$ cat final.tsv   # TSV, C-alpha atoms
chain	number	residue	atom	x	y	z
A	1	MET	CA	-8.42	-11.71	-21.29
A	2	LEU	CA	-7.61	-9.61	-18.24
A	3	PRO	CA	-9.93	-6.65	-17.52
A	4	LEU	CA	-7.50	-3.90	-18.57
A	5	ALA	CA	-6.03	-5.62	-21.64
A	6	GLY	CA	-5.81	-2.99	-24.38
A	7	ILE	CA	-5.42	-0.08	-21.94
A	8	THR	CA	-2.09	1.80	-22.11
A	9	VAL	CA	-0.76	3.80	-19.18
A	10	ILE	CA	2.10	6.26	-19.55
A	11	THR	CA	3.60	7.06	-16.17
A	12	LEU	CA	6.18	9.56	-14.94
A	13	GLU	CA	6.64	8.15	-11.49
A	14	HIS	CA	9.04	7.56	-8.67
A	15	ALA	CA	9.10	6.26	-5.10
A	16	ILE	CA	5.97	4.34	-4.05
A	17	ALA	CA	2.57	6.03	-4.45
A	18	ALA	CA	2.35	6.21	-8.25
A	19	PRO	CA	4.36	3.03	-8.94
A	20	PHE	CA	2.09	1.05	-6.57
A	21	ALA	CA	-1.00	2.37	-8.36
A	22	THR	CA	0.30	1.59	-11.84
A	23	ARG	CA	1.64	-1.83	-10.89
A	24	GLN	CA	-1.88	-2.79	-9.88
A	25	LEU	CA	-3.16	-1.58	-13.26
A	26	ALA	CA	-0.50	-3.79	-14.85
A	27	ASP	CA	-1.66	-6.71	-12.67
A	28	LEU	CA	-5.04	-6.38	-14.39
A	29	GLY	CA	-3.52	-6.45	-17.85
A	30	ALA	CA	-2.82	-2.79	-18.67
A	31	ARG	CA	0.30	-1.97	-20.63
A	32	VAL	CA	2.31	0.35	-18.36
A	33	ILE	CA	5.17	2.32	-19.91
A	34	LYS	CA	7.36	3.78	-17.18
A	35	ILE	CA	9.35	6.87	-18.17
A	36	GLU	CA	12.73	6.95	-16.40
A	37	ARG	CA	15.71	9.26	-16.41
A	38	PRO	CA	18.60	7.96	-18.55
A	39	GLY	CA	21.39	6.45	-16.49
A	40	VAL	CA	19.56	6.95	-13.18
A	41	GLY	CA	15.95	5.90	-13.43
A	42	ASP	CA	13.37	5.98	-10.68
A	43	PHE	CA	15.35	6.95	-7.59
A	44	ALA	CA	13.67	4.08	-5.72
A	45	ARG	CA	16.00	1.80	-7.72
A	46	GLY	CA	18.74	3.02	-5.37
A	47	TYR	CA	16.97	2.77	-2.01
A	48	ASP	CA	18.77	-0.45	-1.08
A	49	GLU	CA	20.22	-3.65	-2.60
A	50	ARG	CA	18.30	-6.22	-0.57
A	51	VAL	CA	16.88	-8.35	-3.40
A	52	ARG	CA	19.98	-9.88	-4.99
A	53	GLY	CA	21.31	-6.39	-5.64
A	54	LEU	CA	17.95	-4.84	-6.52
A	55	ALA	CA	16.00	-2.41	-4.33
A	56	SER	CA	13.19	-3.89	-2.26
A	57	HIS	CA	10.82	-0.97	-2.90
A	58	PHE	CA	11.39	-1.09	-6.65
A	59	VAL	CA	10.93	-4.85	-6.96
A	60	TRP	CA	7.64	-4.63	-5.05
A	61	THR	CA	6.03	-1.86	-7.12
A	62	ASN	CA	7.34	-2.23	-10.66
A	63	ARG	CA	6.82	-5.70	-12.06
A	64	SER	CA	5.00	-6.13	-15.39
A	65	LYS	CA	6.05	-2.66	-16.64
A	66	GLU	CA	8.08	-1.48	-19.61
A	67	SER	CA	10.99	0.89	-18.88
A	68	LEU	CA	11.58	3.69	-21.40
A	69	THR	CA	14.41	6.11	-20.69
A	70	LEU	CA	13.80	9.73	-21.73
A	71	ASP	CA	15.44	12.94	-20.59
A	72	VAL	CA	12.16	14.84	-20.44
A	73	LYS	CA	14.02	18.16	-20.42
A	74	HIS	CA	15.52	17.37	-23.85
A	75	PRO	CA	13.39	18.72	-26.76
A	76	GLU	CA	13.58	15.50	-28.77
A	77	ALA	CA	12.66	13.41	-25.73
A	78	GLN	CA	9.71	15.72	-25.05
A	79	ALA	CA	8.52	15.20	-28.61
A	80	ILE	CA	8.71	11.42	-28.15
A	81	LEU	CA	6.79	11.61	-24.90
A	82	LYS	CA	4.03	13.73	-26.40
A	83	ARG	CA	3.72	11.37	-29.36
A	84	LEU	CA	3.46	8.41	-27.01
A	85	VAL	CA	0.70	10.11	-25.07
A	86	GLN	CA	-1.26	11.31	-28.08
A	87	GLU	CA	-0.95	8.08	-30.08
A	88	HIS	CA	-1.12	5.44	-27.38
A	89	ALA	CA	-2.13	6.60	-23.91
A	90	ASP	CA	-5.46	5.96	-22.26
A	91	VAL	CA	-4.12	7.09	-18.88
A	92	VAL	CA	-1.25	9.35	-17.81
A	93	VAL	CA	-0.06	9.09	-14.20
A	94	GLN	CA	2.52	11.35	-12.58
A	95	ASN	CA	3.86	12.12	-9.13
A	96	LEU	CA	6.60	14.53	-10.12
A	97	ALA	CA	7.40	17.63	-8.10
A	98	PRO	CA	4.51	20.14	-7.96
A	99	GLY	CA	4.17	21.95	-11.29
A	100	ALA	CA	6.67	19.77	-13.17
A	101	ALA	CA	4.08	17.97	-15.33
A	102	SER	CA	2.49	21.27	-16.36
A	103	ARG	CA	5.86	22.67	-17.37
A	104	LEU	CA	6.34	19.60	-19.57
A	105	GLY	CA	2.98	20.17	-21.25
A	106	LEU	CA	1.50	17.07	-19.62
A	107	SER	CA	-1.32	18.65	-17.64
A	108	TYR	CA	-4.87	17.51	-18.35
A	109	GLU	CA	-5.69	21.02	-19.60
A	110	ALA	CA	-2.86	20.85	-22.17
A	111	LEU	CA	-3.60	17.31	-23.36
A	112	ALA	CA	-7.40	17.02	-23.27
A	113	PRO	CA	-8.27	19.34	-26.20
A	114	GLU	CA	-6.51	16.98	-28.64
A	115	LYS	CA	-7.36	13.79	-26.73
A	116	PRO	CA	-10.66	14.24	-24.87
A	117	GLY	CA	-10.81	10.60	-23.76
A	118	LEU	CA	-7.53	10.85	-21.85
A	119	ILE	CA	-7.46	10.29	-18.09
A	120	VAL	CA	-4.72	12.17	-16.25
A	121	CYS	CA	-3.99	11.21	-12.64
A	122	ASP	CA	-1.85	13.61	-10.62
A	123	ILE	CA	-0.56	12.30	-7.28
A	124	SER	CA	0.98	14.75	-4.83
A	125	GLY	CA	1.54	15.26	-1.15
A	126	TYR	CA	-1.10	17.90	-0.51
A	127	GLY	CA	-3.14	18.33	-3.68
A	128	ALA	CA	-3.24	20.73	-6.61
A	129	ASP	CA	-4.07	23.86	-4.63
A	130	GLY	CA	-4.15	25.26	-1.12
A	131	PRO	CA	-1.34	26.72	0.99
A	132	TYR	CA	0.56	23.40	1.18
A	133	ARG	CA	0.48	22.77	-2.59
A	134	ASP	CA	4.22	23.29	-3.15
A	135	LYS	CA	5.39	21.70	0.09
A	136	LYS	CA	7.57	18.60	-0.22
A	137	ALA	CA	5.91	15.46	1.08
A	138	TYR	CA	7.39	12.12	2.09
A	139	ASP	CA	5.60	9.24	3.76
A	140	LEU	CA	6.82	9.99	7.30
A	141	LEU	CA	5.88	13.66	6.95
A	142	ILE	CA	2.35	12.81	5.83
A	143	GLN	CA	2.01	10.32	8.70
A	144	SER	CA	2.86	13.26	10.92
A	145	GLU	CA	0.60	15.86	9.26
A	146	SER	CA	-2.37	13.49	9.13
A	147	GLY	CA	-2.30	12.85	12.88
A	148	PHE	CA	-1.35	9.22	12.43
A	149	LEU	CA	1.78	9.56	14.57
A	150	SER	CA	-0.22	11.11	17.39
A	151	VAL	CA	-2.19	7.89	17.93
A	152	THR	CA	0.53	5.35	17.06
A	153	GLY	CA	3.25	4.12	19.39
A	154	THR	CA	3.46	3.95	23.15
A	155	ALA	CA	2.30	6.38	25.82
A	156	ASP	CA	5.88	7.67	26.03
A	157	GLU	CA	6.73	8.00	22.37
A	158	PRO	CA	4.92	8.21	19.02
A	159	SER	CA	5.95	5.82	16.26
A	160	LYS	CA	5.59	5.70	12.50
A	161	ALA	CA	4.06	2.71	10.74
A	162	GLY	CA	6.59	0.11	9.63
A	163	SER	CA	5.48	0.34	6.00
A	164	SER	CA	4.84	3.36	3.76
A	165	ILE	CA	1.15	3.70	4.56
A	166	ALA	CA	0.71	7.26	3.26
A	167	ASP	CA	2.16	6.25	-0.11
A	168	ILE	CA	0.13	3.03	-0.12
A	169	ALA	CA	-3.09	4.89	0.71
A	170	ALA	CA	-2.53	7.40	-2.09
A	171	GLY	CA	-1.63	4.60	-4.50
A	172	MET	CA	-4.80	2.70	-3.67
A	173	TYR	CA	-7.03	5.76	-4.18
A	174	ALA	CA	-5.26	6.57	-7.44
A	175	TYR	CA	-5.77	2.98	-8.61
A	176	SER	CA	-9.47	2.86	-7.70
A	177	SER	CA	-10.10	6.35	-9.10
A	178	ILE	CA	-8.49	5.41	-12.43
A	179	LEU	CA	-10.68	2.29	-12.62
A	180	ALA	CA	-13.76	4.42	-11.92
A	181	ALA	CA	-12.70	6.97	-14.56
A	182	LEU	CA	-12.26	4.19	-17.14
A	183	LEU	CA	-15.79	2.96	-16.38
A	184	GLN	CA	-17.16	6.46	-16.70
A	185	ARG	CA	-15.32	6.94	-20.00
A	186	GLN	CA	-17.15	3.89	-21.37
A	187	LYS	CA	-20.43	5.74	-20.72
A	188	THR	CA	-19.45	9.26	-21.78
A	189	GLY	CA	-16.43	8.85	-24.08
A	190	ARG	CA	-14.63	11.50	-22.10
A	191	GLY	CA	-11.66	11.34	-19.77
A	192	GLN	CA	-10.94	13.53	-16.79
A	193	ARG	CA	-8.32	14.77	-14.38
A	194	LEU	CA	-7.85	13.02	-11.06
A	195	ASP	CA	-6.20	14.89	-8.19
A	196	ILE	CA	-4.94	12.46	-5.51
A	197	SER	CA	-3.47	13.84	-2.29
A	198	MET	CA	-1.40	11.75	0.11
A	199	LEU	CA	-2.65	13.85	3.01
A	200	GLU	CA	-6.32	13.39	2.13
A	201	SER	CA	-5.79	9.68	1.54
A	202	LEU	CA	-4.28	9.07	4.96
A	203	VAL	CA	-6.70	11.39	6.77
A	204	GLU	CA	-9.49	9.23	5.33
A	205	TRP	CA	-7.83	6.26	7.02
A	206	MET	CA	-7.84	8.26	10.28
A	207	GLY	CA	-11.65	8.32	10.36
A	208	TYR	CA	-12.13	6.40	13.62
A	209	PRO	CA	-9.57	8.40	15.70
A	210	LEU	CA	-10.92	11.65	14.22
A	211	TYR	CA	-14.51	10.86	15.18
A	212	TYR	CA	-13.41	9.51	18.56
A	213	ALA	CA	-11.95	12.97	19.18
A	214	PHE	CA	-14.94	14.77	17.66
A	215	ASP	CA	-15.94	18.20	18.94
A	216	GLY	CA	-12.94	18.63	21.19
A	217	ALA	CA	-13.09	15.23	22.90
A	218	SER	CA	-9.88	13.50	23.99
A	219	PRO	CA	-8.17	11.48	21.23
A	220	PRO	CA	-7.55	7.75	21.62
A	221	PRO	CA	-4.37	7.15	23.64
A	222	ARG	CA	-1.25	5.54	22.20
A	223	THR	CA	-1.22	1.94	23.41
A	224	GLY	CA	1.53	0.19	21.45
A	225	ALA	CA	0.27	-3.05	19.89
A	226	SER	CA	-2.92	-3.01	21.99
A	227	HIS	CA	-6.17	-1.47	20.79
A	228	ALA	CA	-6.76	2.02	22.16
A	229	THR	CA	-10.45	1.52	22.97
A	230	ILE	CA	-11.25	-2.24	22.87
A	231	TYR	CA	-9.99	-4.58	25.59
A	232	PRO	CA	-8.67	-7.23	25.84
A	233	TYR	CA	-7.25	-6.73	22.35
A	234	GLY	CA	-3.50	-7.00	21.80
A	235	PRO	CA	-0.39	-8.94	22.90
A	236	PHE	CA	-0.21	-11.06	26.05
A	237	PRO	CA	2.72	-13.20	27.28
A	238	ALA	CA	2.28	-16.92	27.83
A	239	GLY	CA	4.12	-18.84	30.53
A	240	ASP	CA	6.94	-19.82	28.14
A	241	GLY	CA	7.73	-16.19	27.36
A	242	LYS	CA	6.20	-16.23	23.89
A	243	THR	CA	3.61	-13.62	22.94
A	244	VAL	CA	0.06	-14.41	21.87
A	245	MET	CA	-2.02	-11.79	20.05
A	246	LEU	CA	-5.76	-11.95	20.74
A	247	GLY	CA	-8.84	-9.81	20.32
A	248	LEU	CA	-12.41	-9.71	21.65
A	249	GLN	CA	-15.21	-7.83	19.92
A	250	ASN	CA	-18.40	-8.40	21.90
A	251	GLU	CA	-19.98	-9.62	25.15
A	252	ARG	CA	-20.53	-13.17	23.89
A	253	GLU	CA	-16.81	-13.47	23.24
A	254	TRP	CA	-16.03	-11.96	26.66
A	255	GLY	CA	-18.12	-14.66	28.33
A	256	ALA	CA	-16.46	-17.43	26.33
A	257	PHE	CA	-13.02	-15.98	27.06
A	258	CYS	CA	-13.66	-16.02	30.82
A	259	GLU	CA	-15.17	-19.49	30.86
A	260	LYS	CA	-13.08	-21.44	28.36
A	261	VAL	CA	-9.75	-19.60	28.21
A	262	LEU	CA	-9.18	-18.06	31.62
A	263	LEU	CA	-11.26	-20.77	33.39
A	264	LEU	CA	-12.75	-17.96	35.48
A	265	PRO	CA	-16.46	-18.01	34.56
A	266	ALA	CA	-17.41	-15.70	37.45
A	267	LEU	CA	-15.25	-12.97	35.93
A	268	ALA	CA	-17.78	-12.55	33.13
A	269	LYS	CA	-20.29	-11.22	35.66
A	270	GLU	CA	-17.85	-8.94	37.47
A	271	PRO	CA	-19.47	-5.44	37.38
A	272	ARG	CA	-16.22	-3.58	36.74
A	273	PHE	CA	-15.66	-5.65	33.57
A	274	SER	CA	-19.30	-5.78	32.42
A	275	SER	CA	-18.86	-3.75	29.21
A	276	ASN	CA	-16.05	-2.98	26.78
A	277	SER	CA	-15.74	0.61	27.98
A	278	LYS	CA	-15.39	-0.61	31.60
A	279	ARG	CA	-12.85	-3.27	30.62
A	280	SER	CA	-10.86	-0.67	28.70
A	281	ALA	CA	-10.92	1.70	31.68
A	282	GLN	CA	-9.75	-1.11	33.98
A	283	ARG	CA	-7.28	-2.62	31.53
A	284	GLN	CA	-4.33	-2.73	33.92
A	285	ASP	CA	-6.24	-4.81	36.50
A	286	LEU	CA	-7.66	-7.06	33.79
A	287	ARG	CA	-4.27	-7.49	32.16
A	288	ARG	CA	-2.82	-8.77	35.43
A	289	LEU	CA	-5.60	-11.37	35.68
A	290	ILE	CA	-5.04	-12.54	32.10
A	291	ILE	CA	-1.26	-12.80	32.50
A	292	GLU	CA	-1.72	-14.76	35.72
A	293	ALA	CA	-4.08	-17.21	33.97
A	294	PHE	CA	-1.63	-17.61	31.07
A	295	SER	CA	1.42	-18.00	33.32
A	296	THR	CA	0.96	-21.78	33.70
A	297	LEU	CA	0.45	-22.33	29.95
A	298	ASN	CA	2.79	-22.26	26.99
A	299	ALA	CA	1.81	-20.26	23.90
A	300	GLU	CA	0.58	-23.35	22.06
A	301	GLU	CA	-1.78	-24.21	24.93
A	302	VAL	CA	-3.10	-20.64	25.08
A	303	VAL	CA	-3.80	-20.68	21.35
A	304	ARG	CA	-5.54	-24.05	21.65
A	305	ARG	CA	-7.87	-22.66	24.32
A	306	LEU	CA	-8.53	-19.51	22.28
A	307	ASP	CA	-9.35	-21.56	19.19
A	308	ASP	CA	-11.67	-23.86	21.18
A	309	ALA	CA	-13.49	-20.77	22.52
A	310	GLN	CA	-13.58	-19.22	19.00
A	311	ILE	CA	-11.61	-16.21	20.17
A	312	ALA	CA	-9.60	-14.47	17.43
A	313	ASN	CA	-5.85	-14.86	17.83
A	314	ALA	CA	-2.64	-14.70	15.83
A	315	GLN	CA	1.06	-15.38	15.95
A	316	VAL	CA	3.41	-12.42	16.11
A	317	ASN	CA	5.28	-13.33	12.93
A	318	GLU	CA	8.59	-11.97	11.74
A	319	MET	CA	9.38	-11.48	8.05
A	320	ARG	CA	10.95	-14.93	7.71
A	321	ASP	CA	7.73	-16.45	9.04
A	322	VAL	CA	5.64	-14.62	6.45
A	323	TRP	CA	7.78	-15.87	3.56
A	324	ASP	CA	6.88	-19.40	4.63
A	325	HIS	CA	3.37	-18.73	5.98
A	326	PRO	CA	1.39	-21.99	5.82
A	327	GLN	CA	-1.83	-20.28	4.72
A	328	LEU	CA	-0.18	-18.49	1.80
A	329	ARG	CA	1.60	-21.71	0.84
A	330	ALA	CA	-1.60	-23.78	1.06
A	331	ARG	CA	-3.43	-21.29	-1.17
A	332	ASN	CA	-0.54	-21.26	-3.69
A	333	ARG	CA	-0.16	-17.48	-3.51
A	334	TRP	CA	3.50	-17.21	-4.55
A	335	ARG	CA	4.80	-16.96	-8.11
A	336	ASP	CA	8.26	-16.48	-9.61
A	337	VAL	CA	8.79	-13.36	-11.71
A	338	ASP	CA	11.78	-12.45	-13.84
A	339	SER	CA	14.12	-9.57	-12.96
A	340	PRO	CA	17.60	-8.33	-13.87
A	341	ALA	CA	18.81	-10.47	-10.95
A	342	GLY	CA	16.99	-13.60	-12.08
A	343	ALA	CA	13.74	-15.17	-10.88
A	344	ILE	CA	12.39	-13.80	-7.59
A	345	PRO	CA	9.20	-14.71	-5.68
A	346	ALA	CA	6.22	-12.36	-5.77
A	347	LEU	CA	2.88	-12.57	-4.02
A	348	LEU	CA	-0.21	-12.76	-6.20
A	349	PRO	CA	-2.34	-9.62	-5.79
A	350	PRO	CA	-5.14	-9.99	-3.23
A	351	GLY	CA	-8.28	-11.49	-4.69
A	352	SER	CA	-8.70	-14.57	-6.83
A	353	TRP	CA	-10.15	-14.92	-10.31
A	354	ASP	CA	-12.01	-18.01	-11.45
A	355	LYS	CA	-10.66	-18.08	-14.99
A	356	GLU	CA	-7.67	-15.73	-15.10
A	357	GLU	CA	-4.52	-15.13	-13.09
A	358	PRO	CA	-3.23	-11.57	-12.69
A	359	ARG	CA	-0.36	-10.57	-14.91
A	360	MET	CA	2.94	-11.41	-13.22
A	361	ASP	CA	5.65	-10.31	-15.65
A	362	GLY	CA	9.20	-9.29	-14.84
A	363	VAL	CA	10.72	-6.32	-13.06
A	364	PRO	CA	12.33	-4.23	-15.83
A	365	ALA	CA	15.94	-3.21	-16.06
A	366	LEU	CA	16.48	0.50	-16.59
A	367	GLY	CA	15.65	1.33	-20.21
A	368	GLN	CA	15.03	-2.31	-21.07
A	369	HIS	CA	12.23	-1.48	-23.53
A	370	THR	CA	13.48	1.83	-24.92
A	371	ASP	CA	14.56	0.57	-28.34
A	372	ALA	CA	11.45	-1.55	-28.86
A	373	ILE	CA	9.07	1.26	-27.92
A	374	LEU	CA	10.84	3.78	-30.15
A	375	ALA	CA	10.78	1.29	-33.00
A	376	THR	CA	6.97	1.12	-32.75
A	377	LEU	CA	6.98	4.93	-33.20
A	378	GLY	CA	8.94	4.51	-36.44
A	379	TYR	CA	12.46	5.27	-35.21
A	380	SER	CA	15.19	3.38	-37.03
A	381	ALA	CA	18.20	1.86	-35.30
A	382	GLU	CA	20.29	4.73	-36.61
A	383	ALA	CA	17.85	7.33	-35.29
A	384	ILE	CA	17.77	5.63	-31.89
A	385	ALA	CA	21.55	5.63	-31.80
A	386	GLY	CA	21.49	9.36	-32.57
A	387	LEU	CA	19.05	10.02	-29.75
A	388	ARG	CA	21.27	8.08	-27.40
A	389	LYS	CA	24.36	10.02	-28.53
A	390	ALA	CA	22.49	13.26	-27.91
A	391	ASN	CA	21.60	12.02	-24.39
A	392	ALA	CA	17.90	12.31	-25.13
A	393	ILE	CA	17.26	8.67	-24.13
$ encode --input "final.tsv" --output "structure tokens"
Amino acid sequence: MLPLAGITVITLEHAIAAPFATRQLADLGARVIKIERPGVGDFARGYDERVRGLASHFVWTNRSKESLTLDVKHPEAQAILKRLVQEHADVVVQNLAPGAASRLGLSYEALAPEKPGLIVCDISGYGADGPYRDKKAYDLLIQSESGFLSVTGTADEPSKAGSSIADIAAGMYAYSSILAALLQRQKTGRGQRLDISMLESLVEWMGYPLYYAFDGASPPPRTGASHATIYPYGPFPAGDGKTVMLGLQNEREWGAFCEKVLLLPALAKEPRFSSNSKRSAQRQDLRRLIIEAFSTLNAEEVVRRLDDAQIANAQVNEMRDVWDHPQLRARNRWRDVDSPAGAIPALLPPGSWDKEEPRMDGVPALGQHTDAILATLGYSAEAIAGLRKANAI
């Protein structure tokens, strides 16, 4: 039995942050009922058509869920939703526009008196109060507000992260907070409200640059794919034009790098490179020396020397390389899951279980489970047809 078997999550979600959180709850066995707008659904369904006609974002964050279509502005649909919550929900998750859940009667304050064990997780851009409470928030905007853009990119131009890190951060904190609330409920019998802010989630991830710039000090510079304060740490070209990524963390590794990789053992004792801070300050001179040493080697030879010296290194993979990554293949990390477009590959969630595999069910079609869920609430086929005619579902 998976850890969250028997837990039911009702979620009014869209985009990435909330769907990523609830998909991980589903991975652990929770029943996740996703409320979607009739005929339209989660707007992330329409982001692109890259996965055999399905949206890449949606496929990633919505497997193992049940899709129930409800027009939550329709009185009959509201009654269904409230019954679902009161009769079945252990957790309610929402990342609707600010104030929308309260207007629907789905705030913790409205639900808790009748269901004190309920956990309500609200995910928003800036949190439940403060001057930015009602401000719209998208991933790029939070990357900007959090200071992430100011330290990412090149010296000439800031750059956003290639994935939705603000959404992912908020989703991870929502997921872990819900797990903690479920543990606490086992001790106290009571639920609680969780207030997850995308801004606060990403600012937490900015801890090192923030402290580096503490008390008015200069922030770390933007250095592209290189590390801002550790050197050598980043991409270097080999003689065949291919790029090798490498990183050093301490003086022992610096000595091994000089002796076994660069074949310049005297460089390890060079005063201007005798500490990380000095190497970082002199990175342009040191980079020239490294590129010169690599110029007679192809990338494979550079990697062989790095491995022999136990210096961390990596290939600069593209997406097609990751799909066929030998380590993921050797560890059997891919599974096929069902979808409206047929079977598609999905990566097992990080972490391995001795006796259980995570739940890896299909990606739902819009409204795929509506009739079955309503039937469990006692609605007949005729009543469901009436709700559909009235555009409630």
$ atom_distance --input "final.tsv" --atom1 "atom CA of Asn391 of chain A" --atom2 "atom CA of Lys34 of chain A"
18.0 Å
$ closest_residue --input "final.tsv" --among "A:Gln94, A:Asn332, A:Ser201, A:Asn317" --to "Ser146 of chain A" --atoms "only C-alpha atoms"
A:Ser201
$ closest_residue --input "final.tsv" --among "A:Pro113, A:His227, A:Met206, A:Pro326" --to "Thr154 of chain A" --atoms "only C-alpha atoms"
A:His227
$ atom_distance --input "final.tsv" --atom1 "atom CA of Leu96 of chain A" --atom2 "atom CA of Ser124 of chain A"
7.7 Å
$ atom_distance --input "final.tsv" --atom1 "atom CA of Gln284 of chain A" --atom2 "atom CA of Gly147 of chain A"
26.3 Å
$ closest_residue --input "final.tsv" --among "A:Leu141, A:Leu377, A:Ala228, A:Leu202" --to "Ala166 of chain A" --atoms "all atoms listed in the file"
A:Leu202
$ residues_near_point --input "final.tsv" --point "(-3.6, -10.4, -5.5)" --cutoff "12 Å" --atoms "all atoms listed in the file" --output "ChimeraX atom specification"
/A:23-28,328,331-335,346-353,356-360
$ residues_near_point --input "final.tsv" --point "(4.4, 11.4, -16.8)" --cutoff "7 Å" --atoms "all atoms listed in the file" --output "ChimeraX atom specification"
/A:10-13,35,92-94,101,106
$ closest_residue --input "final.tsv" --among "A:Gly125, A:Ser275, A:Gln315, A:Gly239" --to "Phe294 of chain A" --atoms "only C-alpha atoms"
A:Gly239
